[in-house]
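As stored in work.pdb (PDB, C-alpha atoms):
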ATOM      1  CA  MET A 370     130.956 -80.799  55.133
ATOM      2  CA  GLU A 371     128.866 -81.682  58.146
ATOM      3  CA  LEU A 372     131.152 -82.525  61.004
ATOM      4  CA  PHE A 373     128.941 -83.165  63.924
ATOM      5  CA  ILE A 374     125.761 -84.805  64.985
ATOM      6  CA  SER A 375     124.214 -83.065  67.944
ATOM      7  CA  PRO A 376     120.569 -82.665  68.856
ATOM      8  CA  SER A 377     120.448 -80.158  66.047
ATOM      9  CA  ARG A 378     122.827 -80.914  63.170
ATOM     10  CA  VAL A 379     125.774 -78.552  63.186
ATOM     11  CA  SER A 380     127.467 -77.611  59.952
ATOM     12  CA  ARG A 381     131.090 -76.652  59.645
ATOM     13  CA  LYS A 382     130.143 -73.012  59.442
ATOM     14  CA  GLN A 383     128.051 -73.324  62.576
ATOM     15  CA  PHE A 384     130.908 -75.098  64.324
ATOM     16  CA  GLU A 385     133.247 -72.256  63.390
ATOM     17  CA  ASN A 386     130.708 -69.739  64.638
ATOM     18  CA  HIS A 387     130.296 -71.558  67.964
ATOM     19  CA  PHE A 388     134.031 -71.725  68.547
ATOM     20  CA  GLN A 389     134.659 -68.173  67.400
ATOM     21  CA  LYS A 390     132.060 -66.884  69.828
ATOM     22  CA  ALA A 391     133.495 -69.072  72.571
ATOM     23  CA  CYS A 392     136.932 -67.445  72.348
ATOM     24  CA  ILE A 393     137.599 -65.502  75.507
ATOM     25  CA  ASP A 394     139.249 -62.099  75.159
ATOM     26  CA  GLU A 395     141.058 -62.130  78.485
ATOM     27  CA  LEU A 396     141.525 -64.664  81.237
ATOM     28  CA  ASN A 397     143.072 -64.195  84.670
ATOM     29  CA  ILE A 398     144.941 -67.302  85.803
ATOM     30  CA  TYR A 399     144.845 -67.000  89.595
ATOM     31  CA  ASN A 400     146.544 -63.571  89.433
ATOM     32  CA  GLN A 401     149.755 -65.328  88.381
ATOM     33  CA  ALA A 402     149.320 -64.982  84.657
ATOM     34  CA  PHE A 403     146.930 -63.584  82.093
ATOM     35  CA  LEU A 404     145.839 -64.820  78.704
ATOM     36  CA  GLU A 405     144.937 -62.284  76.034
ATOM     37  CA  LEU A 406     143.437 -63.142  72.672
ATOM     38  CA  SER A 407     145.852 -62.084  69.932
ATOM     39  CA  THR A 408     144.506 -63.830  66.810
ATOM     40  CA  PRO A 409     140.828 -64.825  66.440
ATOM     41  CA  LEU A 410     139.887 -68.422  65.711
ATOM     42  CA  LEU A 411     140.074 -69.180  62.005
ATOM     43  CA  LYS A 412     140.350 -72.170  59.745
ATOM     44  CA  ALA A 413     144.052 -73.003  59.660
ATOM     45  CA  THR A 414     145.617 -72.995  56.233
ATOM     46  CA  ARG A 415     149.298 -72.682  57.048
ATOM     47  CA  ILE A 416     150.746 -74.479  60.023
ATOM     48  CA  HIS A 417     154.357 -73.805  60.852
ATOM     49  CA  PRO A 418     156.449 -76.559  62.424
ATOM     50  CA  LYS A 419     157.356 -76.295  66.068
ATOM     51  CA  THR A 420     160.508 -74.235  66.629
ATOM     52  CA  SER A 421     163.234 -75.127  69.096
ATOM     53  CA  HIS A 422     162.069 -72.302  71.343
ATOM     54  CA  GLU A 423     158.510 -73.562  71.564
ATOM     55  CA  ARG A 424     157.155 -75.899  74.205
ATOM     56  CA  GLY A 425     154.175 -78.087  73.338
ATOM     57  CA  ILE A 426     151.308 -79.859  75.030
ATOM     58  CA  THR A 427     148.356 -81.738  73.631
ATOM     59  CA  PHE A 428     144.877 -82.675  74.762
ATOM     60  CA  THR A 429     142.677 -85.377  73.301
ATOM     61  CA  LEU A 430     139.306 -84.030  72.267
ATOM     62  CA  ASN A 431     136.352 -86.354  72.847
ATOM     63  CA  GLY A 432     132.616 -86.220  72.518
ATOM     64  CA  GLU A 433     130.585 -85.028  69.578
ATOM     65  CA  ALA A 434     133.803 -83.880  67.926
ATOM     66  CA  GLN A 435     136.994 -85.853  68.280
ATOM     67  CA  GLY A 436     140.595 -85.078  67.600
ATOM     68  CA  GLN A 437     143.378 -83.215  69.283
ATOM     69  CA  VAL A 438     144.158 -79.819  70.642
ATOM     70  CA  ILE A 439     147.792 -78.798  70.185
ATOM     71  CA  CYS A 440     149.154 -75.871  72.197
ATOM     72  CA  LEU A 441     152.542 -74.258  71.674
ATOM     73  CA  VAL A 442     154.192 -71.463  73.648
ATOM     74  CA  ASP A 443     157.104 -69.482  72.277
ATOM     75  CA  THR A 444     159.872 -68.813  74.774
ATOM     76  CA  TYR A 445     162.280 -67.167  72.313
ATOM     77  CA  ASN A 446     164.301 -64.398  73.934
ATOM     78  CA  LYS A 447     162.437 -64.741  77.223
ATOM     79  CA  HIS A 448     163.872 -65.169  80.675
ATOM     80  CA  ILE A 449     162.397 -68.126  82.546
ATOM     81  CA  GLU A 450     163.658 -68.596  86.055
ATOM     82  CA  LYS A 451     161.991 -71.921  86.821
ATOM     83  CA  GLU A 452     161.312 -73.985  83.733
ATOM     84  CA  ASP A 453     159.148 -76.600  85.489
ATOM     85  CA  TYR A 454     156.977 -73.975  87.156
ATOM     86  CA  PHE A 455     156.520 -72.092  83.897
ATOM     87  CA  LEU A 456     155.549 -75.245  81.997
ATOM     88  CA  SER A 457     153.061 -76.178  84.689
ATOM     89  CA  LEU A 458     151.594 -72.658  84.571
ATOM     90  CA  PHE A 459     151.362 -72.799  80.762
ATOM     91  CA  THR A 460     149.768 -76.255  80.838
ATOM     92  CA  GLU A 461     147.144 -75.287  83.387
ATOM     93  CA  SER A 462     146.460 -71.998  81.567
ATOM     94  CA  MET A 463     145.719 -73.909  78.371
ATOM     95  CA  ASN A 464     143.620 -76.420  80.279
ATOM     96  CA  ILE A 465     141.534 -73.628  81.760
ATOM     97  CA  LEU A 466     141.213 -71.722  78.484
ATOM     98  CA  ILE A 467     140.165 -74.717  76.403
ATOM     99  CA  GLY A 468     137.863 -76.063  79.098
ATOM    100  CA  LYS A 469     136.062 -72.737  79.310
ATOM    101  CA  MET A 470     135.795 -72.522  75.526
ATOM    102  CA  LEU A 471     134.301 -76.003  75.242
ATOM    103  CA  THR A 472     131.859 -75.217  78.042
ATOM    104  CA  GLU A 473     130.743 -72.073  76.263
ATOM    105  CA  VAL A 474     130.369 -73.966  72.974
ATOM    106  CA  GLU A 475     127.991 -76.440  74.596
ATOM    107  CA  ASN A 476     126.110 -73.672  76.393
ATOM    108  CA  THR A 477     125.343 -72.082  73.017
ATOM    109  CA  SER A 478     123.927 -75.343  71.651
ATOM    110  CA  GLY A 479     127.133 -76.378  69.994
ATOM    111  CA  PRO A 480     128.662 -79.851  70.131
ATOM    112  CA  LEU A 481     129.402 -81.408  73.497
ATOM    113  CA  CYS A 482     133.139 -81.950  73.773
ATOM    114  CA  VAL A 483     135.525 -82.622  76.619
ATOM    115  CA  ILE A 484     139.297 -82.733  76.837
ATOM    116  CA  SER A 485     141.626 -85.281  78.392
ATOM    117  CA  ASN A 486     144.390 -84.466  80.835
ATOM    118  CA  PRO A 487     147.238 -82.654  79.083
ATOM    119  CA  LYS A 488     150.355 -84.376  77.820
ATOM    120  CA  ARG A 489     153.668 -82.610  77.429
ATOM    121  CA  ILE A 490     155.351 -83.355  74.151
ATOM    122  CA  LYS A 491     159.111 -83.018  74.309
ATOM    123  CA  ASP A 492     159.763 -84.675  70.962
ATOM    124  CA  SER A 493     159.669 -81.958  68.296
ATOM    125  CA  GLN A 494     159.186 -84.508  65.539
ATOM    126  CA  LEU A 495     156.079 -85.879  67.242
ATOM    127  CA  ILE A 496     154.554 -82.435  67.479
ATOM    128  CA  ASN A 497     155.443 -81.696  63.885
ATOM    129  CA  ASP A 498     153.841 -84.970  62.795
ATOM    130  CA  MET A 499     150.662 -83.915  64.597
ATOM    131  CA  LEU A 500     150.822 -80.503  62.981
ATOM    132  CA  GLU A 501     151.378 -82.132  59.596
ATOM    133  CA  ASP A 502     148.289 -84.312  60.168
ATOM    134  CA  SER A 503     146.370 -81.094  60.712
ATOM    135  CA  HIS A 504     146.567 -80.440  56.993
ATOM    136  CA  HIS A 505     144.351 -83.480  56.399
ATOM    137  CA  ALA A 506     141.728 -82.707  59.016
ATOM    138  CA  GLU A 507     139.539 -79.792  59.879
ATOM    139  CA  THR A 508     141.880 -77.568  61.809
ATOM    140  CA  TYR A 509     141.195 -74.270  63.490
ATOM    141  CA  ALA A 510     143.847 -72.014  64.927
ATOM    142  CA  VAL A 511     143.665 -69.319  67.567
ATOM    143  CA  GLY A 512     146.400 -67.151  69.076
ATOM    144  CA  TYR A 513     146.837 -65.967  72.650
ATOM    145  CA  ASP A 514     149.540 -64.122  74.561
ATOM    146  CA  LEU A 515     150.422 -65.598  77.932
ATOM    147  CA  ILE A 516     151.483 -62.721  80.141
ATOM    148  CA  HIS A 517     153.604 -63.690  83.116
ATOM    149  CA  GLU A 518     156.100 -61.688  85.142
ATOM    150  CA  GLN A 519     155.854 -58.764  82.737
ATOM    151  CA  GLN A 520     156.739 -60.880  79.714
ATOM    152  CA  GLU A 521     154.483 -61.868  76.829
ATOM    153  CA  PHE A 522     154.731 -65.413  75.541
ATOM    154  CA  PRO A 523     152.931 -65.946  72.218
ATOM    155  CA  CYS A 524     150.812 -69.106  72.188
ATOM    156  CA  ARG A 525     149.301 -70.840  69.186
ATOM    157  CA  ILE A 526     146.520 -73.322  69.640
ATOM    158  CA  TYR A 527     145.193 -75.760  67.034
ATOM    159  CA  PHE A 528     141.887 -77.598  67.245
ATOM    160  CA  ASN A 529     142.439 -80.571  64.995
ATOM    161  CA  ILE A 530     139.072 -82.237  64.361
ATOM    162  CA  SER A 531     139.591 -85.648  62.799
ATOM    163  CA  LYS A 532     136.302 -87.401  63.443
ATOM    164  CA  THR A 533     132.701 -86.916  64.341
ATOM    165  CA  ASN A 534     130.832 -89.110  66.764
ATOM    166  CA  ARG A 535     127.676 -90.532  65.251
TER     167      ARG A 535
ATOM    168  CA  MET B 577     129.156 -77.575 117.376
ATOM    169  CA  GLU B 578     132.270 -76.232 115.703
ATOM    170  CA  ALA B 579     135.106 -75.677 118.197
ATOM    171  CA  GLU B 580     136.833 -72.311 117.826
ATOM    172  CA  ASN B 581     140.232 -73.913 117.496
ATOM    173  CA  THR B 582     139.191 -76.649 115.079
ATOM    174  CA  GLN B 583     141.654 -77.131 112.297
ATOM    175  CA  TYR B 584     140.046 -78.698 109.270
ATOM    176  CA  ARG B 585     142.054 -81.270 107.357
ATOM    177  CA  ILE B 586     142.008 -80.816 103.616
ATOM    178  CA  LEU B 587     143.367 -82.941 100.783
ATOM    179  CA  ILE B 588     144.060 -81.389  97.365
ATOM    180  CA  VAL B 589     143.890 -83.675  94.334
ATOM    181  CA  ASP B 590     144.940 -82.311  90.944
ATOM    182  CA  ASP B 591     147.434 -83.545  88.350
ATOM    183  CA  SER B 592     148.660 -79.947  87.845
ATOM    184  CA  ASP B 593     151.370 -78.820  90.311
ATOM    185  CA  PHE B 594     150.535 -75.244  89.480
ATOM    186  CA  SER B 595     146.871 -75.805  90.344
ATOM    187  CA  ARG B 596     147.671 -77.613  93.613
ATOM    188  CA  ASN B 597     150.066 -74.850  94.575
ATOM    189  CA  SER B 598     147.523 -72.124  93.770
ATOM    190  CA  ILE B 599     144.812 -73.822  95.835
ATOM    191  CA  SER B 600     147.212 -74.398  98.710
ATOM    192  CA  GLN B 601     148.103 -70.704  98.718
ATOM    193  CA  MET B 602     144.431 -69.735  98.745
ATOM    194  CA  LEU B 603     143.895 -71.972 101.793
ATOM    195  CA  ASP B 604     146.860 -70.581 103.690
ATOM    196  CA  ASN B 605     144.987 -69.972 106.929
ATOM    197  CA  PRO B 606     145.388 -71.361 110.467
ATOM    198  CA  LYS B 607     141.924 -72.959 110.330
ATOM    199  CA  TYR B 608     142.921 -75.166 107.383
ATOM    200  CA  ASN B 609     145.479 -77.916 107.537
ATOM    201  CA  ILE B 610     146.522 -79.219 104.101
ATOM    202  CA  ILE B 611     147.215 -82.843 104.985
ATOM    203  CA  GLY B 612     148.430 -83.718 101.534
ATOM    204  CA  GLU B 613     148.560 -82.978  97.838
ATOM    205  CA  ALA B 614     147.932 -85.763  95.368
ATOM    206  CA  ALA B 615     148.575 -85.755  91.628
ATOM    207  CA  SER B 616     146.372 -88.762  90.979
ATOM    208  CA  ALA B 617     143.475 -90.774  92.384
ATOM    209  CA  LYS B 618     145.859 -93.503  93.497
ATOM    210  CA  GLU B 619     147.968 -91.046  95.489
ATOM    211  CA  ALA B 620     144.834 -89.532  97.007
ATOM    212  CA  ILE B 621     143.553 -92.898  98.192
ATOM    213  CA  ASN B 622     146.929 -93.736  99.738
ATOM    214  CA  ILE B 623     146.861 -90.478 101.650
ATOM    215  CA  LEU B 624     143.285 -91.011 102.843
ATOM    216  CA  LYS B 625     144.122 -94.511 104.082
ATOM    217  CA  ASP B 626     146.811 -92.963 106.214
ATOM    218  CA  ARG B 627     145.283 -89.662 107.285
ATOM    219  CA  LYS B 628     141.711 -88.535 107.852
ATOM    220  CA  ALA B 629     140.467 -85.583 105.813
ATOM    221  CA  HIS B 630     137.398 -83.485 106.415
ATOM    222  CA  LEU B 631     137.441 -82.320 102.823
ATOM    223  CA  ALA B 632     138.936 -83.353  99.487
ATOM    224  CA  ILE B 633     139.207 -80.842  96.655
ATOM    225  CA  VAL B 634     139.288 -82.983  93.512
ATOM    226  CA  ASP B 635     139.969 -82.138  89.884
ATOM    227  CA  VAL B 636     137.620 -83.841  87.424
ATOM    228  CA  VAL B 637     140.054 -84.585  84.599
ATOM    229  CA  MET B 638     143.034 -86.636  85.701
ATOM    230  CA  PRO B 639     145.044 -89.419  84.080
ATOM    231  CA  GLU B 640     143.945 -93.043  84.485
ATOM    232  CA  VAL B 641     141.230 -92.592  87.089
ATOM    233  CA  SER B 642     138.993 -89.531  86.761
ATOM    234  CA  GLY B 643     138.064 -87.241  89.597
ATOM    235  CA  ILE B 644     134.441 -88.406  89.352
ATOM    236  CA  GLU B 645     135.509 -92.036  89.806
ATOM    237  CA  LEU B 646     137.624 -90.958  92.750
ATOM    238  CA  ALA B 647     134.674 -89.065  94.252
ATOM    239  CA  ASP B 648     132.607 -92.256  93.955
ATOM    240  CA  TYR B 649     135.320 -94.178  95.777
ATOM    241  CA  ILE B 650     135.681 -91.576  98.524
ATOM    242  CA  THR B 651     131.906 -91.468  99.058
ATOM    243  CA  GLU B 652     131.867 -95.249  99.365
ATOM    244  CA  ASN B 653     134.984 -95.746 101.496
ATOM    245  CA  PHE B 654     135.648 -92.486 103.313
ATOM    246  CA  SER B 655     132.152 -91.247 104.024
ATOM    247  CA  ASP B 656     133.370 -88.640 106.543
ATOM    248  CA  THR B 657     135.269 -86.839 103.794
ATOM    249  CA  SER B 658     133.306 -84.167 101.942
ATOM    250  CA  ILE B 659     134.200 -83.388  98.357
ATOM    251  CA  ILE B 660     134.455 -80.266  96.235
ATOM    252  CA  MET B 661     134.972 -80.956  92.524
ATOM    253  CA  ILE B 662     136.943 -78.494  90.422
ATOM    254  CA  SER B 663     137.465 -78.385  86.666
ATOM    255  CA  SER B 664     138.073 -76.173  83.673
ATOM    256  CA  LEU B 665     134.961 -77.845  82.216
ATOM    257  CA  GLY B 666     131.548 -76.670  83.331
ATOM    258  CA  GLN B 667     129.108 -78.648  81.202
ATOM    259  CA  GLU B 668     125.897 -79.520  82.983
ATOM    260  CA  SER B 669     126.318 -83.248  82.458
ATOM    261  CA  ILE B 670     129.711 -83.181  84.175
ATOM    262  CA  VAL B 671     128.371 -81.179  87.102
ATOM    263  CA  ILE B 672     125.483 -83.609  87.490
ATOM    264  CA  ASP B 673     127.817 -86.607  87.350
ATOM    265  CA  SER B 674     130.005 -85.007  90.016
ATOM    266  CA  ILE B 675     127.120 -84.364  92.371
ATOM    267  CA  SER B 676     125.798 -87.869  91.752
ATOM    268  CA  ALA B 677     129.226 -89.197  92.733
ATOM    269  CA  GLY B 678     128.924 -87.454  96.089
ATOM    270  CA  ALA B 679     130.427 -84.008  95.588
ATOM    271  CA  SER B 680     128.958 -81.279  97.771
ATOM    272  CA  ASP B 681     129.940 -78.531  95.379
ATOM    273  CA  TYR B 682     131.426 -77.940  91.933
ATOM    274  CA  ILE B 683     133.598 -74.950  91.071
ATOM    275  CA  GLN B 684     134.756 -74.134  87.564
ATOM    276  CA  LYS B 685     138.340 -72.969  87.073
ATOM    277  CA  PRO B 686     139.696 -70.381  87.295
ATOM    278  CA  PHE B 687     138.022 -69.503  90.562
ATOM    279  CA  LYS B 688     138.597 -66.604  92.900
ATOM    280  CA  LYS B 689     140.006 -67.233  96.348
ATOM    281  CA  GLU B 690     136.815 -65.833  97.915
ATOM    282  CA  ASP B 691     134.663 -68.295  95.986
ATOM    283  CA  LEU B 692     136.777 -71.257  97.041
ATOM    284  CA  ILE B 693     136.798 -70.142 100.689
ATOM    285  CA  THR B 694     133.040 -69.606 100.669
ATOM    286  CA  SER B 695     132.481 -73.115  99.380
ATOM    287  CA  VAL B 696     135.006 -74.676 101.753
ATOM    288  CA  ASP B 697     133.620 -72.877 104.800
ATOM    289  CA  LYS B 698     130.042 -73.700 103.924
ATOM    290  CA  ILE B 699     130.819 -77.410 103.706
ATOM    291  CA  LEU B 700     133.051 -77.493 106.762
ATOM    292  CA  SER B 701     130.564 -75.584 108.894
ATOM    293  CA  SER B 702     128.221 -78.552 108.644
ATOM    294  CA  ILE B 703     130.822 -80.881 110.120
ATOM    295  CA  GLU B 704     130.519 -81.626 113.823
ATOM    296  CA  GLU B 705     133.763 -82.202 115.644
ATOM    297  CA  VAL B 706     133.603 -84.725 118.477
TER     298      VAL B 706
END
Full structure transcribed into structure tokens:
Amino acid sequence: MELFISPSRVSRKQFENHFQKACIDELNIYNQAFLELSTPLLKATRIHPKTSHERGITFTLNGEAQGQVICLVDTYNKHIEKEDYFLSLFTESMNILIGKMLTEVENTSGPLCVISNPKRIKDSQLINDMLEDSHHAETYAVGYDLIHEQQEFPCRIYFNISKTNR
Amino acid sequence: MEAENTQYRILIVDDSDFSRNSISQMLDNPKYNIIGEAASAKEAINILKDRKAHLAIVDVVMPEVSGIELADYITENFSDTSIIMISSLGQESIVIDSISAGASDYIQKPFKKEDLITSVDKILSSIEEV
């Protein structure tokens, strides 16, 4: 299935390749946190619903590929002193990670995509509806660990591509 | 000519509190005076109407009004305020749009403190204080 129209037509396989290569192994977030790649980007086949310990944010994906990016961080059994600060750190970390990935994709002649400002999703059902929709679209998943104050917070990120821009 | 005791007034515009806080910490220096932190273009404009800024550090992606639209507005209405655009995105078209809107520099996140300071100092050094 051809998903995108760019100056050179990009097939699904090429799209996967572009995004896989764009995954960053490690990212320093202003010396206050680090992101480490834990699971490489792959086509998502099983998507687990959001748990009560996970916090979620979404970005709208626009440009030559359109859809959503859903990011979840698992806080199970972790000590978080300031919830608001941690959520802001997580949100900005995801913003930076995804922005850099999309930039790298375009730099390697992949589709040109941008993301919107992030939105925090407090409603678990809403997130689970989005995750459920992922089964009907082209969805790619990647895993990162967010390392902050000597704790590792597993993050799962879904690129849910619902439409191409012709 | 830059006076030795000049304190440069800087406005930080970013919808992320974490980002604003990080930038503010990087600029913790007697020569910089953070006159305000805005989470949106609207807040930034309200601050600029009230207080003069030598420099605005503006995030590209923000809700409702983008940083590029804000840069356009600042260039038009607050011509004494220089602009540095910041973003997680670094695509050429976005950089070009930012410069076209009046930005003097564009820095992709995450940036090192030294890189931000270098850019800030370079822009501020061209400002003449009366």
Quiz prompt | Nearby residues (only C-alpha atoms) at most 9 Å from Val483 in chain A, same-chain spacing under 3 positions excluded, as a PyMOL selection string | solution = (chain A and resi 429-434+468+471-472) or (chain B and resi 665+667)
Those same residues - C-alpha atoms - I'd like them written as a compact mmCIF listing (two decimals), in the coordinates of the input.
# COMPACT_ATOMS: atom_id res chain seq x y z
CA THR A 429 142.68 -85.38 73.30
CA LEU A 430 139.31 -84.03 72.27
CA ASN A 431 136.35 -86.35 72.85
CA GLY A 432 132.62 -86.22 72.52
CA GLU A 433 130.58 -85.03 69.58
CA ALA A 434 133.80 -83.88 67.93
CA GLY A 468 137.86 -76.06 79.10
CA LEU A 471 134.30 -76.00 75.24
CA THR A 472 131.86 -75.22 78.04
CA LEU B 665 134.96 -77.84 82.22
CA GLN B 667 129.11 -78.65 81.20
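The interatomic distance for the pair CA of Ile662 in chain B and CA of Asp648 in chain B works out to 14.9 Å.
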Distance cut-off 9 Å, counting only C-alpha atoms - which residues of chain B neighbour chain A? Return them as a PDB file with C-alpha atoms, keeping the file's coordinate frame.
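This is the output file selection-v6.pdb:
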ATOM      1  CA  ASP B 591     147.434 -83.545  88.350  1.00  0.00           C
ATOM      2  CA  SER B 592     148.660 -79.947  87.845  1.00  0.00           C
ATOM      3  CA  ASP B 593     151.370 -78.820  90.311  1.00  0.00           C
ATOM      4  CA  PHE B 594     150.535 -75.244  89.480  1.00  0.00           C
ATOM      5  CA  SER B 595     146.871 -75.805  90.344  1.00  0.00           C
ATOM      6  CA  SER B 598     147.523 -72.124  93.770  1.00  0.00           C
ATOM      7  CA  VAL B 637     140.054 -84.585  84.599  1.00  0.00           C
ATOM      8  CA  MET B 638     143.034 -86.636  85.701  1.00  0.00           C
ATOM      9  CA  PRO B 639     145.044 -89.419  84.080  1.00  0.00           C
ATOM     10  CA  SER B 663     137.465 -78.385  86.666  1.00  0.00           C
ATOM     11  CA  SER B 664     138.073 -76.173  83.673  1.00  0.00           C
ATOM     12  CA  LEU B 665     134.961 -77.845  82.216  1.00  0.00           C
ATOM     13  CA  GLY B 666     131.548 -76.670  83.331  1.00  0.00           C
ATOM     14  CA  GLN B 667     129.108 -78.648  81.202  1.00  0.00           C
ATOM     15  CA  GLU B 668     125.897 -79.520  82.983  1.00  0.00           C
ATOM     16  CA  GLN B 684     134.756 -74.134  87.564  1.00  0.00           C
ATOM     17  CA  LYS B 685     138.340 -72.969  87.073  1.00  0.00           C
ATOM     18  CA  PRO B 686     139.696 -70.381  87.295  1.00  0.00           C
ATOM     19  CA  PHE B 687     138.022 -69.503  90.562  1.00  0.00           C
ATOM     20  CA  LYS B 688     138.597 -66.604  92.900  1.00  0.00           C
ATOM     21  CA  LYS B 689     140.006 -67.233  96.348  1.00  0.00           C
TER      22      LYS B 689
END
Quiz prompt | Hits of the PyMOL selection byres ((chain B and resi 693) around 12) in this structure, as a ChimeraX atom specification | solution = /B:599-605,607-608,633,660,683,687-692,694-701
Counting all atoms listed in the file, which residues in range 430-529 of chain A sit no more than 8 Å from range 403-416 of chain A? For each one, give the nearest pair of atoms and the distance in Å, sorted by chain then residue number, as a tab-separated table.
residue	atom	partner	partner_atom	distance
A:Ser462	CA	A:Leu404	CA	7.8
A:Leu500	CA	A:Ile416	CA	6.7
A:Glu501	CA	A:Ile416	CA	7.7
A:Ser503	CA	A:Ile416	CA	8.0
A:His504	CA	A:Thr414	CA	7.5
A:Glu507	CA	A:Lys412	CA	7.7
A:Thr508	CA	A:Ala413	CA	5.5
A:Tyr509	CA	A:Lys412	CA	4.4
A:Ala510	CA	A:Ala413	CA	5.4
A:Val511	CA	A:Leu410	CA	4.3
A:Gly512	CA	A:Thr408	CA	4.4
A:Tyr513	CA	A:Leu406	CA	4.4
A:Asp514	CA	A:Glu405	CA	5.2
A:Leu515	CA	A:Leu404	CA	4.7
A:Ile516	CA	A:Phe403	CA	5.0
A:His517	CA	A:Phe403	CA	6.8
A:Tyr527	CA	A:Ala413	CA	8.0
Quiz item: So what does the PyMOL selection byres ((chain B and resi 609) around 7) actually pick up in this one, as a VMD selection string?
Solution: chain B and resid 583 to 586 607 to 608 610 to 611
Quiz item: Which is closest to Ile644 in chain B among B:Val671, B:Glu613, B:Asp626, B:Ser702, if we use only C-alpha atoms?
Solution: B:Val671
Within 12 Å of file point (147.9, -95.5, 89.9), counting all atoms listed in the file, expressed as an mmCIF file with C-alpha atoms, keeping the file's coordinate frame:
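Produced file point_37.cif, reproduced below:
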data_model
loop_
_atom_site.group_PDB
_atom_site.id
_atom_site.type_symbol
_atom_site.label_atom_id
_atom_site.label_comp_id
_atom_site.auth_asym_id
_atom_site.auth_seq_id
_atom_site.Cartn_x
_atom_site.Cartn_y
_atom_site.Cartn_z
ATOM 1 C CA ALA B 614 147.932 -85.763 95.368
ATOM 2 C CA ALA B 615 148.575 -85.755 91.628
ATOM 3 C CA SER B 616 146.372 -88.762 90.979
ATOM 4 C CA ALA B 617 143.475 -90.774 92.384
ATOM 5 C CA LYS B 618 145.859 -93.503 93.497
ATOM 6 C CA GLU B 619 147.968 -91.046 95.489
ATOM 7 C CA ALA B 620 144.834 -89.532 97.007
ATOM 8 C CA ILE B 621 143.553 -92.898 98.192
ATOM 9 C CA ASN B 622 146.929 -93.736 99.738
ATOM 10 C CA MET B 638 143.034 -86.636 85.701
ATOM 11 C CA PRO B 639 145.044 -89.419 84.080
ATOM 12 C CA GLU B 640 143.945 -93.043 84.485
ATOM 13 C CA VAL B 641 141.230 -92.592 87.089
ATOM 14 C CA SER B 642 138.993 -89.531 86.761
ATOM 15 C CA LEU B 646 137.624 -90.958 92.750
#
